[in-house]
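So this block is data-v2.cif, mmCIF, C-alpha atoms and all ligand atoms:
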```cif
data_model
#
loop_
_atom_site.label_atom_id
_atom_site.label_comp_id
_atom_site.auth_asym_id
_atom_site.auth_seq_id
_atom_site.Cartn_x
_atom_site.Cartn_y
_atom_site.Cartn_z
CA MET A 1 10.56 10.93 3.67
CA ASN A 2 11.67 13.50 1.17
CA SER A 3 8.77 15.78 0.41
CA GLU A 4 10.85 18.21 -1.64
CA THR A 5 9.94 17.94 -5.30
CA ASN A 6 10.79 20.27 -8.14
CA ARG A 7 8.26 23.00 -8.60
CA THR A 8 6.93 23.18 -12.14
CA ASP A 9 5.14 26.39 -13.06
CA ARG A 10 2.53 25.19 -15.51
CA LYS A 11 -0.05 27.47 -17.10
CA ASP A 12 -2.80 24.86 -16.88
CA VAL A 13 -2.14 24.57 -13.18
CA LYS A 14 -2.16 28.30 -12.51
CA GLU A 15 -5.57 28.47 -14.10
CA ALA A 16 -6.95 25.52 -12.16
CA ALA A 17 -10.20 26.42 -10.41
CA ILE A 18 -10.07 25.64 -6.73
CA ARG A 19 -13.58 25.61 -5.37
CA PRO A 20 -14.02 25.91 -1.61
CA ASP A 21 -17.40 24.14 -1.79
CA ARG A 22 -15.92 20.97 -3.24
CA ALA A 23 -14.49 17.93 -1.46
CA VAL A 24 -12.60 15.13 -3.16
CA VAL A 25 -12.86 11.59 -1.78
CA VAL A 26 -10.37 8.91 -2.84
CA LYS A 27 -10.50 5.17 -2.12
CA VAL A 28 -7.14 3.47 -2.55
CA PRO A 29 -6.14 -0.20 -2.30
CA ALA A 30 -3.61 -1.75 0.06
CA SER A 31 -0.63 -3.56 -1.40
CA THR A 32 1.86 -6.29 -0.78
CA ALA A 33 5.44 -5.68 -1.85
CA ASN A 34 8.31 -7.92 -2.95
CA LEU A 35 6.25 -11.12 -3.48
CA GLY A 36 9.35 -12.85 -2.16
CA PRO A 37 12.32 -12.30 -4.47
CA GLY A 38 11.21 -9.02 -6.11
CA PHE A 39 12.63 -6.84 -3.33
CA ASP A 40 11.62 -3.19 -3.89
CA THR A 41 10.41 -4.22 -7.35
CA LEU A 42 7.25 -6.36 -7.43
CA GLY A 43 3.97 -5.31 -5.88
CA MET A 44 0.34 -6.36 -5.95
CA ALA A 45 -2.76 -4.38 -4.98
CA LEU A 46 -5.09 -6.06 -2.48
CA SER A 47 -8.82 -5.82 -1.77
CA LEU A 48 -8.39 -3.86 1.46
CA TYR A 49 -8.79 -0.08 1.34
CA ALA A 50 -8.00 3.33 2.78
CA TRP A 51 -9.97 6.54 2.14
CA VAL A 52 -8.88 10.17 2.03
CA SER A 53 -11.21 13.16 1.81
CA LEU A 54 -9.77 16.64 1.20
CA ARG A 55 -11.38 20.02 1.00
CA PRO A 56 -9.98 23.55 1.24
CA SER A 57 -10.75 25.10 4.59
CA SER A 58 -10.12 28.19 6.73
CA GLU A 59 -8.30 26.08 9.30
CA THR A 60 -6.58 22.70 9.05
CA ARG A 61 -8.44 19.84 10.71
CA VAL A 62 -7.64 16.13 10.51
CA THR A 63 -10.44 13.69 11.39
CA LEU A 64 -9.66 9.99 11.83
CA VAL A 65 -12.59 7.65 11.15
CA GLY A 66 -12.67 4.08 12.50
CA GLY A 67 -10.29 2.32 14.85
CA ASN A 68 -7.28 1.60 12.65
CA LEU A 69 -5.50 4.94 12.79
CA ASP A 70 -4.43 5.15 16.42
CA GLY A 71 -1.36 7.32 16.81
CA VAL A 72 -1.68 9.03 13.42
CA ALA A 73 -0.94 12.78 13.71
CA VAL A 74 -3.92 15.12 13.55
CA ASP A 75 -1.94 18.30 12.97
CA LYS A 76 0.07 19.60 10.01
CA SER A 77 2.66 16.86 10.56
CA ASN A 78 0.06 14.36 9.25
CA LEU A 79 1.46 12.46 6.26
CA ILE A 80 -1.58 13.23 4.13
CA TYR A 81 -1.38 16.95 4.85
CA GLU A 82 2.34 16.98 3.99
CA VAL A 83 1.89 15.01 0.78
CA ALA A 84 -1.02 17.18 -0.36
CA GLN A 85 1.10 20.29 0.25
CA SER A 86 3.91 18.78 -1.85
CA VAL A 87 1.44 18.58 -4.76
CA PHE A 88 0.36 22.20 -4.29
CA ARG A 89 3.99 23.37 -3.99
CA ARG A 90 4.96 21.49 -7.11
CA VAL A 91 2.31 23.15 -9.21
CA GLY A 92 2.48 26.57 -7.60
CA VAL A 93 -0.98 26.56 -5.99
CA ASP A 94 -1.56 27.90 -2.48
CA ILE A 95 -4.00 25.90 -0.32
CA PRO A 96 -2.44 26.09 3.14
CA GLU A 97 -5.46 24.94 5.14
CA LEU A 98 -7.25 21.66 4.53
CA ASP A 99 -10.10 19.74 6.05
CA ILE A 100 -8.86 16.14 5.92
CA ILE A 101 -10.88 13.03 6.74
CA ILE A 102 -9.07 9.69 6.76
CA LYS A 103 -10.37 6.16 7.17
CA SER A 104 -8.32 3.01 6.78
CA ASP A 105 -9.13 -0.67 6.86
CA ILE A 106 -5.40 -1.32 6.27
CA PRO A 107 -3.64 -2.08 9.55
CA LEU A 108 -0.66 0.24 10.10
CA THR A 109 2.96 -0.98 10.07
CA ARG A 110 2.06 -4.58 9.22
CA GLY A 111 3.47 -4.89 5.69
CA LEU A 112 0.28 -4.15 3.80
CA GLY A 113 1.35 -0.81 2.36
CA SER A 114 -0.54 1.55 4.68
CA SER A 115 1.95 4.38 4.16
CA ALA A 116 1.88 3.88 0.39
CA SER A 117 -1.93 3.96 0.39
CA ALA A 118 -1.84 7.22 2.38
CA ILE A 119 0.71 8.75 0.01
CA VAL A 120 -1.18 7.69 -3.12
CA GLY A 121 -4.54 8.72 -1.61
CA ALA A 122 -3.18 12.16 -0.70
CA LEU A 123 -1.51 12.68 -4.09
CA VAL A 124 -4.62 11.72 -6.05
CA ALA A 125 -6.97 13.72 -3.81
CA ALA A 126 -4.77 16.85 -3.90
CA ASN A 127 -4.34 16.55 -7.66
CA GLU A 128 -8.08 16.18 -8.21
CA LEU A 129 -8.70 19.19 -5.97
CA ILE A 130 -6.70 21.34 -8.41
CA GLY A 131 -8.29 19.91 -11.52
CA GLY A 132 -6.26 16.74 -12.10
CA VAL A 133 -3.40 18.55 -13.81
CA LEU A 134 -0.63 16.12 -12.88
CA SER A 135 -0.49 12.91 -14.89
CA GLU A 136 -0.55 9.44 -13.34
CA HIS A 137 3.12 9.13 -14.34
CA GLU A 138 3.99 12.34 -12.48
CA LEU A 139 2.10 11.13 -9.41
CA PHE A 140 4.02 7.85 -9.57
CA GLN A 141 7.33 9.76 -9.65
CA MET A 142 6.31 11.79 -6.62
CA ALA A 143 4.94 8.77 -4.73
CA THR A 144 8.13 6.79 -5.31
CA ALA A 145 10.37 9.67 -4.20
CA LEU A 146 8.29 9.98 -1.02
CA GLU A 147 8.12 6.23 -0.21
CA LYS A 148 11.69 5.60 -1.46
CA HIS A 149 10.73 2.45 -3.35
CA PRO A 150 8.16 1.99 -6.12
CA ASP A 151 6.63 -1.43 -5.32
CA ASN A 152 3.84 -0.51 -2.84
CA VAL A 153 2.98 2.89 -4.33
CA GLY A 154 2.96 1.48 -7.88
CA ALA A 155 0.55 -1.29 -6.89
CA SER A 156 -1.74 1.15 -5.05
CA LEU A 157 -1.67 3.59 -7.96
CA PHE A 158 -2.05 1.22 -10.91
CA GLY A 159 -3.79 -1.81 -9.33
CA GLY A 160 -3.05 -5.41 -10.28
CA ILE A 161 0.54 -6.62 -10.17
CA ILE A 162 3.38 -4.27 -11.01
CA ALA A 163 7.00 -4.85 -11.94
CA SER A 164 8.85 -1.63 -11.23
CA ALA A 165 12.27 -0.02 -11.02
CA TRP A 166 13.57 3.25 -9.55
CA ASP A 167 17.07 4.60 -10.10
CA GLY A 168 16.70 7.36 -7.52
CA THR A 169 15.53 9.79 -10.18
CA ARG A 170 13.06 8.06 -12.44
CA ALA A 171 10.54 5.32 -11.69
CA GLU A 172 8.93 3.05 -14.25
CA ALA A 173 6.35 0.32 -13.78
CA VAL A 174 4.64 -2.23 -15.99
CA ARG A 175 1.26 -3.48 -14.83
CA LEU A 176 0.34 -7.14 -15.14
CA GLU A 177 -3.15 -8.56 -14.83
CA PRO A 178 -3.14 -10.97 -11.87
CA PRO A 179 -3.73 -14.57 -12.97
CA ALA A 180 -7.42 -15.41 -12.88
CA GLY A 181 -8.42 -17.53 -9.93
CA MET A 182 -5.56 -16.51 -7.65
CA ASP A 183 -6.58 -16.04 -4.01
CA VAL A 184 -4.64 -14.43 -1.17
CA LEU A 185 -4.43 -15.40 2.49
CA VAL A 186 -2.79 -12.87 4.77
CA ALA A 187 -1.80 -13.68 8.35
CA ILE A 188 -1.50 -10.36 10.17
CA PRO A 189 0.29 -10.72 13.52
CA ALA A 190 -0.95 -8.57 16.38
CA PHE A 191 2.29 -6.60 16.59
CA GLU A 192 3.68 -3.72 14.58
CA LEU A 193 6.94 -3.76 12.65
CA SER A 194 7.93 -0.51 11.02
CA THR A 195 9.50 -0.60 7.58
CA LYS A 196 12.41 1.36 9.04
CA LYS A 197 13.14 -1.33 11.61
CA ALA A 198 12.73 -4.15 9.07
CA ARG A 199 15.15 -2.43 6.65
CA ASN A 200 17.70 -1.80 9.38
CA VAL A 201 18.30 -5.55 9.79
CA LEU A 202 19.30 -5.95 6.13
CA PRO A 203 23.00 -6.20 5.23
CA GLN A 204 24.78 -3.47 3.25
CA SER A 205 26.07 -5.99 0.71
CA VAL A 206 25.23 -9.56 -0.32
CA ALA A 207 27.09 -12.42 -1.96
CA MET A 208 27.02 -12.65 -5.75
CA GLY A 209 25.34 -16.08 -5.44
CA ASP A 210 22.43 -14.60 -3.49
CA ALA A 211 22.09 -11.72 -5.96
CA VAL A 212 21.97 -14.17 -8.88
CA PHE A 213 19.46 -16.33 -7.00
CA ASN A 214 17.13 -13.35 -6.61
CA VAL A 215 17.51 -11.98 -10.13
CA SER A 216 16.64 -15.41 -11.53
CA HIS A 217 13.75 -16.11 -9.18
CA SER A 218 12.27 -12.63 -9.51
CA SER A 219 12.43 -12.89 -13.31
CA LEU A 220 10.88 -16.34 -13.24
CA LEU A 221 8.13 -15.12 -10.89
CA THR A 222 7.30 -12.13 -13.10
CA ALA A 223 7.08 -14.36 -16.17
CA ALA A 224 5.04 -16.97 -14.28
CA LEU A 225 2.54 -14.34 -13.09
CA ALA A 226 2.35 -12.80 -16.56
CA THR A 227 1.58 -16.14 -18.18
CA GLY A 228 -0.56 -17.73 -15.45
CA ARG A 229 2.01 -20.43 -14.62
CA LEU A 230 0.79 -20.86 -11.03
CA ASP A 231 2.62 -24.20 -10.86
CA LEU A 232 5.94 -22.28 -10.79
CA LEU A 233 5.12 -20.09 -7.79
CA LYS A 234 6.42 -22.53 -5.19
CA MET A 235 9.91 -22.33 -6.68
CA ALA A 236 9.76 -18.77 -7.99
CA MET A 237 8.66 -17.07 -4.74
CA ARG A 238 11.86 -17.97 -2.86
CA ASP A 239 14.12 -15.16 -1.70
CA ARG A 240 17.61 -14.69 -0.29
CA LEU A 241 17.86 -10.89 -0.12
CA HIS A 242 15.57 -9.89 2.73
CA GLN A 243 13.44 -12.69 4.19
CA PRO A 244 16.28 -14.63 5.86
CA TYR A 245 17.36 -11.47 7.73
CA ARG A 246 13.84 -10.45 8.73
CA ALA A 247 12.80 -13.91 9.95
CA ALA A 248 14.31 -13.27 13.39
CA LEU A 249 11.80 -10.43 13.87
CA ILE A 250 8.76 -12.62 13.18
CA PRO A 251 8.24 -15.77 15.26
CA GLY A 252 6.73 -18.57 13.15
CA MET A 253 7.75 -17.02 9.83
CA THR A 254 10.35 -19.62 8.85
CA THR A 255 8.01 -22.56 9.51
CA ILE A 256 5.17 -20.95 7.56
CA LEU A 257 7.36 -20.04 4.57
CA GLU A 258 8.91 -23.51 4.48
CA GLU A 259 5.76 -25.56 5.00
CA ALA A 260 2.75 -23.59 3.68
CA THR A 261 3.01 -25.26 0.27
CA ASN A 262 2.46 -28.63 2.00
CA HIS A 263 -0.89 -27.28 3.23
CA GLY A 264 -2.36 -25.92 0.00
CA ALA A 265 -0.44 -22.68 -0.70
CA LEU A 266 1.02 -22.07 -4.16
CA GLY A 267 3.71 -19.98 -2.51
CA ALA A 268 4.30 -18.16 0.79
CA VAL A 269 6.24 -14.96 1.48
CA LEU A 270 6.72 -12.11 3.89
CA SER A 271 4.38 -9.29 2.83
CA GLY A 272 6.42 -6.13 2.28
CA ALA A 273 8.62 -5.47 5.28
CA GLY A 274 6.37 -7.67 7.45
CA PRO A 275 5.25 -8.83 9.91
CA THR A 276 2.30 -10.03 7.77
CA LEU A 277 2.80 -13.35 6.00
CA LEU A 278 1.12 -13.82 2.63
CA MET A 279 0.13 -16.99 0.84
CA LEU A 280 -1.16 -17.30 -2.69
CA THR A 281 -3.63 -20.06 -3.44
CA ASP A 282 -5.64 -21.34 -6.34
CA ARG A 283 -9.25 -20.18 -5.90
CA ALA A 284 -10.41 -23.64 -6.89
CA GLU A 285 -9.27 -24.66 -3.40
CA ALA A 286 -11.84 -23.78 -0.74
CA ARG A 287 -11.07 -20.77 1.47
CA GLY A 288 -10.45 -21.58 5.10
CA GLY A 289 -9.60 -25.22 5.57
CA GLU A 290 -6.19 -26.70 6.08
CA LEU A 291 -3.94 -23.76 5.12
CA GLU A 292 -5.67 -21.32 7.44
CA SER A 293 -5.61 -23.80 10.35
CA PHE A 294 -1.93 -24.49 9.73
CA VAL A 295 -1.05 -20.79 9.87
CA ARG A 296 -3.13 -20.20 13.01
CA GLU A 297 -1.56 -23.22 14.73
CA VAL A 298 2.02 -22.19 13.93
CA MET A 299 1.47 -18.65 15.20
CA ALA A 300 -0.42 -19.85 18.30
CA ALA A 301 2.49 -22.17 19.13
CA GLU A 302 4.70 -19.06 19.10
CA GLY A 303 2.25 -17.22 21.33
CA ILE A 304 1.41 -14.76 18.55
CA GLU A 305 -2.17 -13.63 17.98
CA VAL A 306 -2.93 -13.52 14.29
CA ASP A 307 -5.69 -12.07 12.13
CA ALA A 308 -5.98 -14.46 9.15
CA ARG A 309 -7.93 -12.88 6.30
CA TRP A 310 -8.74 -13.90 2.76
CA LEU A 311 -8.29 -11.13 0.21
CA GLU A 312 -8.22 -10.89 -3.56
CA PRO A 313 -5.84 -9.10 -5.87
CA CYS A 314 -7.34 -5.64 -6.49
CA LEU A 315 -7.45 -5.00 -10.22
CA HIS A 316 -7.71 -1.22 -10.15
CA GLY A 317 -5.99 1.80 -8.63
CA PRO A 318 -7.71 4.62 -6.72
CA ALA A 319 -11.33 5.58 -7.30
CA HIS A 320 -12.25 9.22 -6.71
CA TRP A 321 -15.40 11.27 -6.35
CA GLU A 322 -16.22 14.97 -6.02
CA LEU A 323 -18.80 16.14 -3.53
CA ASP A 324 -20.62 19.44 -3.23
CA THR A 325 -20.07 20.35 0.41
CA SER A 326 -23.07 22.70 0.40
CA ALA A 327 -25.49 19.88 -0.49
CA ALA A 328 -28.03 19.09 2.23
CA ASP A 329 -27.07 15.44 2.21
CA TYR A 330 -23.27 16.03 2.05
CA ARG A 331 -22.64 14.14 5.28
CA GLU A 332 -24.69 11.12 4.16
CA GLN A 333 -22.93 11.08 0.78
CA LEU A 334 -19.54 11.30 2.46
CA GLY A 335 -20.46 8.50 4.89
CA ARG A 336 -21.52 6.30 1.97
CA LEU A 337 -18.28 6.89 0.06
CA LEU A 338 -16.17 6.32 3.18
CA GLU A 339 -18.21 3.18 3.86
CA ALA A 340 -18.77 4.56 7.36
CA ALA A 341 -21.89 5.30 9.38
CA PRO A 342 -22.91 9.01 9.05
CA GLU A 343 -22.44 9.50 12.82
CA GLU A 344 -18.77 8.50 12.44
CA VAL A 345 -18.22 11.35 9.98
CA GLN A 346 -17.68 14.84 11.41
CA VAL A 347 -18.12 17.63 8.85
N1 LIG A 401 -4.00 6.70 6.41
C1 LIG A 401 -2.89 7.20 6.95
N2 LIG A 401 -2.84 8.50 7.29
C2 LIG A 401 -1.72 9.04 7.80
N3 LIG A 401 -0.58 8.36 8.01
C3 LIG A 401 -0.58 7.06 7.70
C4 LIG A 401 -1.73 6.41 7.16
N4 LIG A 401 -1.43 5.13 6.93
C5 LIG A 401 -0.16 4.97 7.33
N5 LIG A 401 0.35 6.11 7.79
C6 LIG A 401 1.72 6.32 8.31
O1 LIG A 401 2.58 5.30 7.81
C7 LIG A 401 3.20 4.58 8.90
C8 LIG A 401 3.40 3.13 8.55
O2 LIG A 401 4.38 3.03 7.54
P1 LIG A 401 5.31 1.75 7.38
O3 LIG A 401 6.03 1.92 6.09
O4 LIG A 401 6.16 1.58 8.62
O5 LIG A 401 4.32 0.53 7.35
P2 LIG A 401 3.35 -0.01 6.22
O6 LIG A 401 3.31 0.99 5.09
O7 LIG A 401 2.05 -0.32 6.85
O8 LIG A 401 4.05 -1.37 5.81
P3 LIG A 401 4.88 -1.80 4.48
O9 LIG A 401 5.52 -0.57 3.91
O10 LIG A 401 5.88 -2.80 4.96
O11 LIG A 401 3.88 -2.43 3.58
C9 LIG A 401 2.23 4.78 10.06
O12 LIG A 401 2.87 4.63 11.30
C10 LIG A 401 1.73 6.20 9.83
O13 LIG A 401 2.66 7.13 10.32
N1 LIG A 402 10.10 -3.30 -0.49
C1 LIG A 402 9.93 -2.74 0.83
C2 LIG A 402 8.44 -2.76 1.14
C3 LIG A 402 8.12 -2.18 2.50
O1 LIG A 402 7.72 -0.85 2.40
C4 LIG A 402 10.68 -3.54 1.86
O2 LIG A 402 10.59 -4.77 1.81
O3 LIG A 402 11.37 -2.95 2.71
#
```

How would this structure read if it were set down as structure tokens?
Ligand SMILES: Nc1ncnc2c1ncn2[C@@H]1O[C@H](COP(=O)(O)OP(=O)(O)OP(=O)(O)O)[C@@H](O)[C@H]1O
Ligand SMILES: N[C@@H](CCO)C(=O)O
Amino acid sequence: MNSETNRTDRKDVKEAAIRPDRAVVVKVPASTANLGPGFDTLGMALSLYAWVSLRPSSETRVTLVGGNLDGVAVDKSNLIYEVAQSVFRRVGVDIPELDIIIKSDIPLTRGLGSSASAIVGALVAANELIGGVLSEHELFQMATALEKHPDNVGASLFGGIIASAWDGTRAEAVRLEPPAGMDVLVAIPAFELSTKKARNVLPQSVAMGDAVFNVSHSSLLTAALATGRLDLLKMAMRDRLHQPYRAALIPGMTTILEEATNHGALGAVLSGAGPTLLMLTDRAEARGGELESFVREVMAAEGIEVDARWLEPCLHGPAHWELDTSAADYREQLGRLLEAAPEEVQV
């Protein structure tokens, strides 16, 4: 992760009022990246969320709420602390100590964009803490430079489906409204696979035929999603750039990708770097039923425990709120926003 960004001394930033009695809470969606052929390019926000609360403090404290954040650092090496500091450095504001509360319903290292949600949540929360002086476009540039690809962070930041590109300097994204009536089944295996490991199995170069295959299928997929041509997803969601190499890391993946469309899926792909498998369906088809049983059976035959969940495309990016930390009911308000019981929230 490269947290070094160019500092921009901006008058509006210097004058930003930083109030010690104010906390900012951000709720940010998970994401799936690639959608098959759109490697490092296509992303879609999902109805699964992470929360970040930030407030200036006399001493840094990181509180993890809920059971999904095991192993996440609770000192200044925490990703959210580091990303928030990169915002303050960039705008020339000094807030060295932060009280950080994090909750996540997004399982870590499973291909559902947990790191992107943390980066986007931290960027938005830190920016709101200093008066919202950085634009969404600037936050997207920073998020992409931190994550090193724009697909997950773009989806978490803008919501919906995004088609994006990054040349190492500048990132751009166009948001598409997900086709109405599209449903999402994710099969989350009970093992972790870091993005780093899943990228290390990819080759340094590919054959021209495979590159052409992906350019054409990714373009077709983008156009199909933009125009609601769900009938094209089966063909358009095929990939030759990353899935064939990653399949060896995920037992059952090849069978599910090859056969899910025989069991009611419109298309089936590896979600992000995996190990989660993602299937798109037409909402007219009942949830549960044959597709879900098929996925469970394939994974069970491989001896892999799987959490199969139905989600929806999330149409919006982060929501944020400001709280007065001196209010008598601050803890209750915070608990409500974090969708956590008040006793889970230490303030
Ligand atoms: N809410 C969070 N707070 C702090 N750190 C987090 C949080 N969520 C994720 N992380 C960090 O991100 C790491 C996971 O990143 P990784 O890119 O490997 O997986 P992912 O983002 O879940 O999957 P993918 O990028 O394939 O969708 C975690 O191990 C943790 O260090
Ligand atoms: N596009 C990325 C997403 C994971 O962060 C990949 O597939 O490696």

| message | as a ChimeraX atom specification, please: the residues near stretch 180-195 of chain A (cut-off 8 Å, all atoms listed in the file, same-chain neighbours under 6 positions excluded). | response | /A:108-111,228,273-284,292,295,304-313

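The residue that comes closest to ligand LIG 402 (chain A), out of A:Ala223, A:Ile18, A:Ala260, A:Ala198 and on the basis of all atoms listed in the file, is A:Ala198.
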
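Closest approach to ligand LIG 402 (chain A) among A:Val347, A:Val87, A:Leu42, A:Ala145: A:Leu42, based on only C-alpha atoms and all ligand atoms.
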
| note | From the list A:Val52, A:Leu270, A:Ala143, A:Val215, the nearest residue to ligand LIG 402 (chain A) using all atoms listed in the file is A:Leu270

| request: Please indicate the distance in Å from atom CA of A:Gly264 to atom CA of A:Tyr49, rounded to one decimal place. | output: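 Spanning atom CA of A:Gly264 to atom CA of A:Tyr49 is a straight-line distance of 26.7 Å.
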
| request: Please extract the residues at most 8 Å from ligand LIG 401 (chain A), counting only C-alpha atoms and all ligand atoms, and provide them as a ChimeraX atom specification, using the chain letters and residue numbers of this document. | output: /A:31-33,50-52,69,71-73,78-80,102-104,106-119,147,152,193-196,271-275

| field | Residue among A:Glu302, A:Asp151, A:Asp21, A:Asp210 lying closest to ligand LIG 402 (chain A), counting all atoms listed in the file | value | A:Asp151

| Leaving out A:Thr325 and any residue of its chain fewer than 5 positions from it, which residues lie within 7 Å of it when counting all atoms listed in the file, given as a list in words? |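 Counting all atoms listed in the file, the residues come to Asp21, Arg22, Ala23 and Tyr330 of chain A.
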
Suppose we keep C-alpha atoms; can you now write the selection as a CSV table (one decimal), keeping the file's coordinate frame?
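Output contents, as saved in part_2.csv:
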```csv
chain,number,residue,atom,x,y,z
A,21,ASP,CA,-17.4,24.1,-1.8
A,22,ARG,CA,-15.9,21.0,-3.2
A,23,ALA,CA,-14.5,17.9,-1.5
A,330,TYR,CA,-23.3,16.0,2.0
```

| request: One decimal, Å: what's the distance from atom CA of A:Ala207 over to atom CA of A:Ser219, could you say? | output: 18.5 Å

| query | Between atom CA of A:Val153 and atom CA of A:Val120, what is the distance, to one decimal in Å? | reply | 6.5 Å
